[in-house]
Each structure stands twice: as structure tokens, then as C-alpha cells.
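**Student:** Supplied structure: model.csv, CSV, C-alpha atoms.
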```csv
chain,number,residue,atom,x,y,z
D,1,MET,CA,2.5,-15.9,-32.6
D,2,THR,CA,4.5,-12.8,-32.9
D,3,MET,CA,5.1,-10.4,-30.1
D,4,GLN,CA,3.5,-7.1,-30.5
D,5,ALA,CA,6.1,-5.0,-28.7
D,6,THR,CA,4.4,-1.8,-29.5
D,7,GLU,CA,1.0,-2.8,-28.1
D,8,THR,CA,-0.3,-0.3,-25.7
D,9,GLY,CA,-1.2,-1.3,-22.2
D,10,ALA,CA,0.9,-4.5,-21.9
D,11,ILE,CA,2.1,-5.1,-18.4
D,12,ARG,CA,5.7,-6.4,-18.4
D,13,LYS,CA,7.6,-7.8,-15.4
D,14,SER,CA,11.0,-9.4,-15.3
D,15,VAL,CA,13.0,-11.2,-12.7
D,16,THR,CA,16.3,-13.1,-12.8
D,17,VAL,CA,16.6,-16.2,-10.7
D,18,PRO,CA,19.7,-18.3,-9.7
D,19,LEU,CA,18.5,-21.5,-11.4
D,20,PRO,CA,19.2,-23.0,-14.8
D,21,VAL,CA,16.5,-22.5,-17.3
D,22,GLU,CA,15.0,-26.1,-17.1
D,23,LYS,CA,14.7,-25.8,-13.3
D,24,ALA,CA,13.3,-22.4,-13.4
D,25,PHE,CA,10.6,-23.5,-15.9
D,26,ARG,CA,9.8,-26.6,-13.9
D,27,LEU,CA,9.5,-24.6,-10.6
D,28,PHE,CA,7.2,-22.1,-12.2
D,29,THR,CA,4.9,-24.7,-13.7
D,30,ASP,CA,5.0,-28.1,-12.1
D,31,GLY,CA,6.2,-26.5,-8.8
D,32,ILE,CA,3.6,-23.8,-8.7
D,33,ASN,CA,2.0,-25.1,-5.6
D,34,SER,CA,5.2,-24.5,-3.6
D,35,TRP,CA,5.3,-20.8,-4.2
D,36,TRP,CA,2.3,-19.1,-5.8
D,37,PRO,CA,0.7,-16.7,-3.3
D,38,PHE,CA,-2.7,-18.4,-3.3
D,39,ALA,CA,-4.1,-16.7,-0.3
D,40,SER,CA,-4.1,-13.3,-2.0
D,41,HIS,CA,-3.8,-14.3,-5.7
D,42,SER,CA,-6.5,-16.8,-6.5
D,43,ILE,CA,-10.2,-17.2,-6.7
D,44,GLY,CA,-10.7,-19.3,-3.6
D,45,GLY,CA,-8.0,-17.7,-1.5
D,46,ASP,CA,-7.3,-19.8,1.6
D,47,LYS,CA,-9.5,-22.6,0.2
D,48,VAL,CA,-7.2,-23.4,-2.7
D,49,GLU,CA,-5.7,-26.8,-2.4
D,50,SER,CA,-3.7,-26.9,-5.6
D,51,VAL,CA,-3.1,-25.4,-9.0
D,52,THR,CA,-2.4,-27.6,-12.0
D,53,PHE,CA,-0.9,-27.0,-15.4
D,54,ASP,CA,-3.0,-29.7,-17.2
D,55,LEU,CA,-1.1,-30.3,-20.4
D,56,GLU,CA,-3.6,-32.9,-21.8
D,57,GLY,CA,-6.6,-30.7,-21.1
D,58,LYS,CA,-4.5,-27.6,-22.1
D,59,ARG,CA,-5.7,-25.6,-19.2
D,60,VAL,CA,-4.6,-24.2,-15.8
D,61,TYR,CA,-7.0,-24.5,-12.9
D,62,GLU,CA,-7.2,-24.3,-9.2
D,63,ARG,CA,-8.8,-26.9,-7.1
D,64,HIS,CA,-10.5,-26.7,-3.7
D,65,PRO,CA,-10.7,-29.5,-1.1
D,66,ASP,CA,-14.4,-30.1,-1.9
D,67,GLY,CA,-13.4,-30.9,-5.5
D,68,THR,CA,-14.5,-27.5,-7.0
D,69,GLU,CA,-12.3,-26.5,-9.9
D,70,HIS,CA,-11.9,-23.0,-11.3
D,71,ASP,CA,-10.2,-22.4,-14.6
D,72,TRP,CA,-7.5,-19.8,-14.8
D,73,ALA,CA,-6.5,-20.1,-18.4
D,74,ASP,CA,-6.1,-22.2,-21.5
D,75,ILE,CA,-2.6,-23.2,-22.4
D,76,ASP,CA,-2.2,-21.8,-25.9
D,77,ALA,CA,1.5,-22.5,-26.3
D,78,TRP,CA,3.8,-24.8,-24.3
D,79,GLU,CA,7.5,-24.8,-25.2
D,80,PRO,CA,9.5,-26.0,-22.2
D,81,PRO,CA,11.9,-24.8,-21.0
D,82,ASN,CA,11.6,-21.4,-22.8
D,83,ARG,CA,8.1,-20.2,-23.0
D,84,PHE,CA,4.4,-20.7,-22.4
D,85,LEU,CA,1.4,-18.7,-23.4
D,86,LEU,CA,-1.9,-18.6,-21.6
D,87,ASN,CA,-5.3,-17.4,-22.6
D,88,TRP,CA,-6.0,-15.8,-19.2
D,89,ARG,CA,-9.7,-16.0,-18.3
D,90,VAL,CA,-9.9,-16.2,-14.5
D,91,ASN,CA,-13.2,-14.5,-14.6
D,92,PRO,CA,-15.4,-15.8,-17.4
D,93,ALA,CA,-17.4,-12.7,-17.4
D,94,LYS,CA,-14.4,-10.6,-18.4
D,95,PRO,CA,-12.7,-10.5,-21.7
D,96,ALA,CA,-9.8,-13.0,-21.9
D,97,THR,CA,-6.3,-11.6,-22.1
D,98,GLU,CA,-2.9,-13.1,-22.8
D,99,VAL,CA,-0.2,-14.0,-20.3
D,100,GLU,CA,3.1,-15.0,-21.8
D,101,VAL,CA,6.1,-16.1,-19.7
D,102,GLN,CA,9.5,-16.5,-21.3
D,103,PHE,CA,12.5,-18.1,-19.7
D,104,THR,CA,15.9,-17.1,-21.1
D,105,ALA,CA,19.2,-18.7,-19.9
D,106,GLU,CA,21.8,-16.1,-18.7
D,107,GLY,CA,24.8,-18.2,-17.8
D,108,ASP,CA,23.8,-20.3,-14.8
D,109,GLU,CA,20.8,-18.1,-14.2
D,110,THR,CA,17.5,-17.5,-15.9
D,111,ARG,CA,15.7,-14.4,-16.8
D,112,VAL,CA,11.9,-14.7,-16.6
D,113,ASP,CA,9.9,-12.2,-18.6
D,114,LEU,CA,6.2,-12.0,-18.0
D,115,GLU,CA,3.8,-10.0,-20.2
D,116,HIS,CA,0.1,-9.6,-19.6
D,117,ARG,CA,-1.4,-8.2,-22.8
D,118,GLY,CA,-4.3,-8.3,-25.2
D,119,TRP,CA,-6.4,-5.7,-23.6
D,120,GLU,CA,-7.4,-4.5,-27.0
D,121,LYS,CA,-9.1,-7.8,-27.8
D,122,SER,CA,-12.8,-7.6,-27.5
D,123,GLY,CA,-14.8,-9.7,-25.2
D,124,PRO,CA,-17.3,-12.4,-25.9
D,125,ASP,CA,-19.4,-9.9,-27.7
D,126,GLU,CA,-16.5,-9.0,-30.1
D,127,ARG,CA,-18.7,-9.3,-33.1
D,128,SER,CA,-20.7,-6.3,-32.1
D,129,SER,CA,-19.3,-3.3,-33.9
D,130,TYR,CA,-19.4,-1.0,-31.0
D,131,ASP,CA,-17.2,-2.9,-28.5
D,132,SER,CA,-14.1,-0.9,-27.9
D,133,GLY,CA,-11.9,-3.3,-26.0
D,134,TRP,CA,-9.7,-2.5,-23.1
D,135,GLY,CA,-6.8,-0.7,-24.7
D,136,PHE,CA,-7.5,2.7,-23.5
D,137,VAL,CA,-8.2,1.6,-20.0
D,138,LEU,CA,-4.7,0.2,-19.4
D,139,GLY,CA,-2.7,2.0,-22.0
D,140,LYS,CA,-3.6,5.5,-22.7
D,141,TYR,CA,-4.6,6.4,-19.1
D,142,ALA,CA,-1.6,4.6,-17.5
D,143,GLY,CA,0.7,7.3,-18.7
D,144,SER,CA,-1.3,10.1,-17.2
D,145,ALA,CA,-1.6,8.5,-13.8
H,1,MET,CA,-11.7,-2.6,-3.1
H,2,THR,CA,-12.3,-0.4,-6.0
H,3,TYR,CA,-10.1,-2.2,-8.5
H,4,ALA,CA,-12.2,-5.4,-8.2
H,5,LEU,CA,-15.4,-3.4,-8.8
H,6,ALA,CA,-13.7,-1.6,-11.7
H,7,LEU,CA,-12.6,-4.9,-13.3
H,8,ASP,CA,-16.1,-6.2,-13.0
H,9,ALA,CA,-17.6,-3.0,-14.4
H,10,LEU,CA,-15.2,-3.2,-17.4
H,11,GLY,CA,-16.3,-6.7,-18.2
H,12,ASP,CA,-19.2,-5.4,-20.1
H,13,GLY,CA,-18.8,-4.2,-23.7
H,14,THR,CA,-21.4,-1.5,-23.5
H,15,ARG,CA,-19.8,0.0,-20.4
H,16,ARG,CA,-16.4,0.0,-22.1
H,17,GLU,CA,-18.0,1.8,-25.0
H,18,ILE,CA,-19.6,4.4,-22.7
H,19,LEU,CA,-16.2,5.0,-21.2
H,20,GLU,CA,-14.7,5.4,-24.6
H,21,ARG,CA,-17.3,8.0,-25.5
H,22,LEU,CA,-16.7,9.8,-22.2
H,23,ARG,CA,-13.0,9.9,-22.9
H,24,ARG,CA,-13.8,12.3,-25.8
H,25,GLY,CA,-15.5,14.7,-23.4
H,26,PRO,CA,-18.3,14.9,-20.7
H,27,ARG,CA,-21.7,13.8,-21.8
H,28,ALA,CA,-25.2,13.6,-20.5
H,29,VAL,CA,-27.2,10.4,-20.3
H,30,GLY,CA,-29.4,11.4,-23.2
H,31,GLU,CA,-26.5,12.1,-25.5
H,32,LEU,CA,-24.9,8.7,-24.8
H,33,ALA,CA,-28.3,7.0,-25.3
H,34,ALA,CA,-28.6,8.7,-28.7
H,35,GLU,CA,-25.2,7.5,-29.8
H,36,LEU,CA,-25.5,3.9,-28.6
H,37,PRO,CA,-27.9,1.1,-29.5
H,38,VAL,CA,-29.2,0.9,-25.9
H,39,SER,CA,-32.0,2.6,-24.1
H,40,ARG,CA,-31.7,5.6,-21.9
H,41,PRO,CA,-32.6,3.6,-18.7
H,42,ALA,CA,-29.9,1.1,-19.7
H,43,VAL,CA,-27.3,3.8,-20.1
H,44,SER,CA,-28.3,5.2,-16.7
H,45,GLN,CA,-27.9,1.8,-15.1
H,46,HIS,CA,-24.4,1.3,-16.8
H,47,LEU,CA,-23.4,4.8,-15.6
H,48,ARG,CA,-24.4,3.9,-12.0
H,49,VAL,CA,-22.2,0.8,-12.1
H,50,LEU,CA,-19.3,2.8,-13.6
H,51,LYS,CA,-19.7,5.4,-10.9
H,52,GLU,CA,-19.8,2.9,-8.1
H,53,ALA,CA,-16.6,1.4,-9.5
H,54,GLY,CA,-14.9,4.7,-9.4
H,55,LEU,CA,-14.6,4.9,-13.2
H,56,VAL,CA,-16.8,7.9,-13.9
H,57,THR,CA,-17.8,11.0,-12.0
H,58,GLU,CA,-21.0,13.0,-12.3
H,59,ARG,CA,-21.4,16.7,-12.1
H,60,ARG,CA,-24.4,18.9,-12.2
H,61,ASN,CA,-24.3,21.6,-14.9
H,62,GLY,CA,-27.4,23.7,-14.5
H,63,THR,CA,-30.3,21.3,-15.1
H,64,ARG,CA,-28.1,18.8,-16.8
H,65,ARG,CA,-26.0,16.1,-15.2
H,66,LEU,CA,-22.7,15.5,-17.0
H,67,TYR,CA,-20.6,12.4,-16.7
H,68,ARG,CA,-16.9,12.3,-17.2
H,69,VAL,CA,-14.1,9.7,-16.9
H,70,ASP,CA,-12.4,9.4,-13.5
H,71,THR,CA,-8.8,8.8,-14.4
H,72,ASP,CA,-7.9,7.9,-10.8
H,73,GLY,CA,-10.2,4.9,-11.0
H,74,LEU,CA,-8.6,3.7,-14.2
H,75,ALA,CA,-5.1,4.2,-12.9
H,76,GLU,CA,-6.1,2.0,-9.9
H,77,VAL,CA,-7.0,-0.8,-12.2
H,78,ARG,CA,-3.7,-0.7,-13.8
H,79,ASP,CA,-1.8,-0.4,-10.5
H,80,TYR,CA,-3.7,-3.4,-9.2
H,81,LEU,CA,-2.6,-5.6,-12.2
H,82,GLU,CA,1.0,-4.3,-11.9
H,83,SER,CA,1.1,-5.2,-8.2
H,84,PHE,CA,-0.5,-8.6,-8.9
H,85,TRP,CA,2.3,-9.7,-11.2
H,86,SER,CA,5.0,-8.1,-9.0
H,87,ASP,CA,3.8,-10.1,-6.1
H,88,VAL,CA,3.7,-13.3,-8.1
H,89,LEU,CA,7.2,-12.9,-9.5
H,90,ALA,CA,8.6,-11.9,-6.1
H,91,ALA,CA,7.2,-15.1,-4.7
H,92,PHE,CA,8.7,-17.1,-7.5
H,93,GLU,CA,12.1,-15.4,-7.0
H,94,ALA,CA,12.1,-16.3,-3.4
H,95,ALA,CA,11.2,-19.9,-4.1
H,96,ALA,CA,13.9,-20.1,-6.8
H,97,GLU,CA,16.5,-18.7,-4.4
H,98,ALA,CA,15.5,-21.2,-1.8
H,99,GLU,CA,15.9,-24.1,-4.2
H,100,ALA,CA,19.3,-22.8,-5.4
H,101,GLU,CA,20.5,-22.6,-1.8
H,102,GLN,CA,19.3,-26.1,-1.1
H,103,GLU,CA,21.4,-27.4,-4.0
H,104,ASP,CA,24.5,-25.6,-2.8
H,105,GLU,CA,24.4,-27.4,0.5
```
Just give me the structure of the file as C-alpha cells.

**Tutor:**
Amino acid sequence: MTMQATETGAIRKSVTVPLPVEKAFRLFTDGINSWWPFASHSIGGDKVESVTFDLEGKRVYERHPDGTEHDWADIDAWEPPNRFLLNWRVNPAKPATEVEVQFTAEGDETRVDLEHRGWEKSGPDERSSYDSGWGFVLGKYAGSA
Amino acid sequence: MTYALALDALGDGTRREILERLRRGPRAVGELAAELPVSRPAVSQHLRVLKEAGLVTERRNGTRRLYRVDTDGLAEVRDYLESFWSDVLAAFEAAAEAEAEQEDE
């Protein structure tokens, strides 16, 4: 899958952390329960017990103490320790988008680049000819804000 | 929270299409219904959802009611997503720094 650097509306965030790339990748994925801000950034909020990168099922999901599971994403690419790509579909009623996270070694540190993109892709009704996608929502108007 | 309403409102292809049309200029319900393969009552319903989500505004022009895109609402959606990922990466950075410090000890 090639990066579409010119795509409108992609949200990009980067951070550099003082860990070698293998450890940074592992902390982000296997170790997600130790740092992800669930209370504010999940479906269940305080009810979330864990989040799992399920490599066999190729999905990421949150689990609640009563056994309820909510999918966050499909794992579309898994290339430890450098990259993973998610088909982000936290809300099944909304069009899925893509979240790509790349880990690049910079000496003893690791730069993490996150891109949330794919707003142009149509939703479940993409075959209907009049669906316009999300591009203008997050791209064209962002500049005028 | 407007952004949550806005994201929900945008989950519908017809509503996104209505917004796309309004981006080209203010329109009345009847004009939208004539351009889209949905009924006038359906367009009205979609407009109500978009209005409640802060994505369109309505203004009376004589006897007609015209709808237009509310750019503030759209900017809020984007701001929400930006801050979502900023928060996530800030939390990750803090955890990575804590792990690195532990190893130094």
C-alpha cells in the first residue's frame, strides 16, 4: 500500500520517544493497556478492562469486565517493529478510515508517525453513485477554520 | 458535545451528499430534494439532523428557508480528531519516557 502524501484531510501526528524501535513498537501494541487513555478515548470509558491487538483474528478490540467486546479496527498490515496499518471502524455506523503508525529508528530513539486518513473513501453505501465521502469535511474546510 | 453529534451525522451518505451540495451555495429543501434521489420529507429530516449537529445553519429569505454549511461545526470535527490523536501520542510519550527511565536505574 503506497502512502498518498497529497491526500487532503489526513491528520498527521509525530512524537519521538527515548526507546529503541523494537521497544517502542512493543509498548505501543502489546503494552497498550499501560498507557492508552481509556477513560476518555474508548467506547466504554471507565468500563474498559483491556485492549488487545489480536494478530490471529487480525483485529483490535476493547473488552469490558462483563465480557463485552467492541472492535476498534481490523489489522490490515503488521510489520513489527516498523509499521502497522489499521482499518479504523470504532463506530460501525460510520465509514471506516485508515490509521497508520510508523516507527523509525533515530539513533537510540524512535520517531513515531501516526496518520489518520482515508476520509475520501465512501462508506458502506459506496456503490451508490451520489455518496461524496468525507474529504471535504476534513480537508477543504480545515484550512479555512 | 457537538463533535460527537457531527460525527454521527456524517455517518450517513445522503447527509454527506447534502453537505456537499450546500458547499456550492445555500439551497432550499425543495431544491435539494429535486437534485437527490430522496423525498422532500427525507431531506428535511436529514437537514434537521445536520442542524442539530451544528453542521448547517438555516436562514429565512422572504418566504423561503435557505440552508448553508456551518464551517465552525466542520472545523470542530477536525479539531476533535486532532486532539484525540494528540492526547493518545502524549500518553504514549509519557509511558515511553517512564520505561526508559526505569531501564536507566

**Student:** Hey, which bits of chain H sit within 8 Å of chain D, and for each residue what's the closest pair of atoms and how far apart in Å (one decimal), counting all atoms listed in the file, rows by chain and increasing number, as a tab-separated table?

**Tutor:**
```
residue	atom	partner	partner_atom	distance
H:Leu7	CA	D:Lys94	CA	7.9
H:Asp8	CA	D:Lys94	CA	7.2
H:Leu10	CA	D:Lys94	CA	7.5
H:Gly11	CA	D:Lys94	CA	4.3
H:Asp12	CA	D:Lys94	CA	7.3
H:Gly13	CA	D:Asp131	CA	5.2
H:Thr14	CA	D:Asp131	CA	6.7
H:Arg16	CA	D:Ser132	CA	6.3
H:Glu17	CA	D:Ser132	CA	5.6
H:Glu20	CA	D:Ser132	CA	7.1
H:Thr71	CA	D:Tyr141	CA	6.7
H:Asp72	CA	D:Ala145	CA	7.0
H:Leu74	CA	D:Val137	CA	6.2
H:Ala75	CA	D:Ala145	CA	5.6
H:Val77	CA	D:Leu138	CA	7.6
H:Arg78	CA	D:Leu138	CA	5.8
H:Leu81	CA	D:Ile11	CA	7.8
H:Glu82	CA	D:Ile11	CA	6.6
H:Phe84	CA	D:His41	CA	7.3
H:Trp85	CA	D:Lys13	CA	7.0
H:Ser86	CA	D:Lys13	CA	6.9
H:Asp87	CA	D:Pro37	CA	7.8
H:Val88	CA	D:Trp36	CA	6.4
H:Leu89	CA	D:Val15	CA	6.8
H:Ala90	CA	D:Val15	CA	8.0
H:Ala91	CA	D:Trp35	CA	6.0
H:Phe92	CA	D:Trp35	CA	6.0
H:Glu93	CA	D:Val17	CA	5.9
H:Ala95	CA	D:Trp35	CA	6.0
H:Ala96	CA	D:Val17	CA	6.1
H:Glu97	CA	D:Pro18	CA	6.2
H:Ala100	CA	D:Leu19	CA	6.2
```

**Student:** For Lys51 in chain H, please output as a list in words all residues within 12 Å (counting all atoms listed in the file; exclusion window: fewer than 3 positions along the same chain).

**Tutor:** Thr2, Leu5, Ala6, Ala9, Leu10, Arg15, Ile18, Leu19, Ser44, Gln45, His46, Leu47, Arg48, Gly54, Leu55, Val56, Thr57, Glu58, Arg59, Tyr67, Arg68, Val69, Asp70, Thr71, Gly73 and Leu74 of chain H

**Student:** Select, counting only C-alpha atoms, all protein, DNA and RNA residues no farther than 10 Å from (25.1, -18.8, -17.3) in file coordinates, and express the selection as a tab-separated table (two decimals) with C-alpha atoms, in the frame of the given file.

**Tutor:**
```
chain	number	residue	atom	x	y	z
D	18	PRO	CA	19.70	-18.30	-9.70
D	19	LEU	CA	18.50	-21.50	-11.40
D	20	PRO	CA	19.20	-23.00	-14.80
D	21	VAL	CA	16.50	-22.50	-17.30
D	105	ALA	CA	19.20	-18.70	-19.90
D	106	GLU	CA	21.80	-16.10	-18.70
D	107	GLY	CA	24.80	-18.20	-17.80
D	108	ASP	CA	23.80	-20.30	-14.80
D	109	GLU	CA	20.80	-18.10	-14.20
D	110	THR	CA	17.50	-17.50	-15.90
```

**Student:** Give the answer as one residue: which of H:Ala94, H:Asn61, H:Arg21, H:Glu101 has the shortest atom-to-atom distance to Leu36 in chain H, using all atoms listed in the file?

**Tutor:**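 Using all atoms listed in the file, the shortest distance to Leu36 in chain H belongs to H:Arg21.
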
**Student:** May I ask which of the residues D:Ala73, D:Val51, D:Arg59, D:Thr68 is the closest one to Val90 in chain D, counting all atoms listed in the file?

**Tutor:** D:Ala73

**Student:** Have a look at CA of Glu52 in chain H and CA of Leu66 in chain H and let me know their distance in Å, one decimal.

**Tutor:** 15.7 Å

**Student:** Near range 77-84 of chain D, within 7 Å and counting all atoms listed in the file, which residues show up once chain neighbours fewer than 4 positions away are dropped, as number ranges by chain?

**Tutor:** D: 21-22, 25, 100-104

**Student:** What is the distance between CA of Arg26 in chain D and CA of Asp66 in chain D, in Å to one decimal?

**Tutor:**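 Computed distance, CA of Arg26 in chain D to CA of Asp66 in chain D, equals 27.2 Å.
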
**Student:** Distance CA of Thr97 in chain D-CA of Thr52 in chain D, one decimal place?

**Tutor:**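 Calculated distance between CA of Thr97 in chain D and CA of Thr52 in chain D is 19.3 Å.
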
**Student:** Could you check the closest approach to Asp54 in chain D for each of D:His70, D:Asn33, D:Ile75, D:Ser42 and tell me which residue wins, using all atoms listed in the file?

**Tutor:** D:Ile75
